[in-house]
Amino acid sequence: LPFFIIAMPCMAAGGAIWYLMDEPARGAQEDGVETLSLYQSVGLHYSPAYGIRQLKALMHNRTNVLVILQAFPGNIPWGVIIVYTHDFLVQDLGLSTSGALGAITTLALAAFAGILTGGFVGELLYGANTKYLALFGGICNILRAVPFFLLFGWKQMFGSWAHASESSFFFLLMIGGFVATMASPCTGAMLLNVNLPETRGSVMAMYSVLDDLSKGFGTLFVAMIVKLVGGRAVAYQISLLVWVFTGVALLFAYHTYDKDEEMMRKHLEETAMESMVVLSKQRAQQAIRQCARAAGEAHF
């Protein structure tokens, strides 16, 4: 029953979206002379279709690979944090159950604030230079490992909870949660910006599935190495190295992002141009038929 009650707001929100919101036209917000003319002047609708062009664009998109690495294996540490943090705080650091719940709530609120801030900062950086989005995401994904490394090594570095500063501990939680989620809006935006409208849904769905798979694998990964490294705190810290490696990988998107985005716009422009040519031929044929019909009526 508690799980059903927790899911009810999500069910209500999903129903409201289904009945109250309209699906936006695919590709209608893209830039470009031909694309804008296609939707604003001509009035056509984008008809998504998978073909050789779309498949080649998807396979040659290096930014896709670098961003999807943030989902798998990049979210392995999130599986560790979500599953083991409460037990770690209680058993290893000596927090009470209510204190551990308060710490996790603080972490979650900071993570929510990080998402909002990351989206705002990412929008400003994208307006300045599209490449800055990759730099910002990569740096955030690397730096987020630091506060959690300190958190999992708190007992060895600063002693037990009874001898530690409560304000410093919660400040560390807030910094960790805030920085850990700042890159999330940026990675999603990067995937949208470098993929064609007809492939965006598939790419985002794959990213979401790999995200959940990575979190589930994180718990298995820690369970496998905990006996090899001599303690679960060390195992948790080792899992954070994944964030560092995938963050470095995202930095390489600095050299691929603008090229892949430009290639996407080129393919979109070609599709729009082809659609306008087809429409022009159809209108010309229709005009010829109307003229012929009018000539025939005048003759008889």
# chains A, B, ... in the order shown; residues from 1 in each chain; ligands from 1
>>> residues_around(residues="Gly118 in chain A", least_positions_apart="5", cutoff="12 Å", atoms="only C-alpha atoms", output="PyMOL selection string")
chain A and resi 110-113+123-126+133+136-137+140-141+178-189
>>> residues_around(residues="range 163-174 of chain A", least_positions_apart="4", cutoff="10 Å", atoms="only C-alpha atoms", output="ChimeraX atom specification")
/A:93,102-111,113-114,146-148,150-151,154-155,158-159,178-180
>>> closest_residue(among="A:Asn75, A:His86, A:Val222, A:Arg62", to="Leu210 in chain A", atoms="only C-alpha atoms")
A:Asn75
>>> closest_residue(among="A:Gln70, A:Asn129, A:Gln237, A:Asn193", to="Ser208 in chain A", atoms="only C-alpha atoms")
A:Gln70
>>> closest_residue(among="A:Ser202, A:Ser239, A:Thr130, A:Thr85", to="Ser214 in chain A", atoms="only C-alpha atoms")
A:Ser239
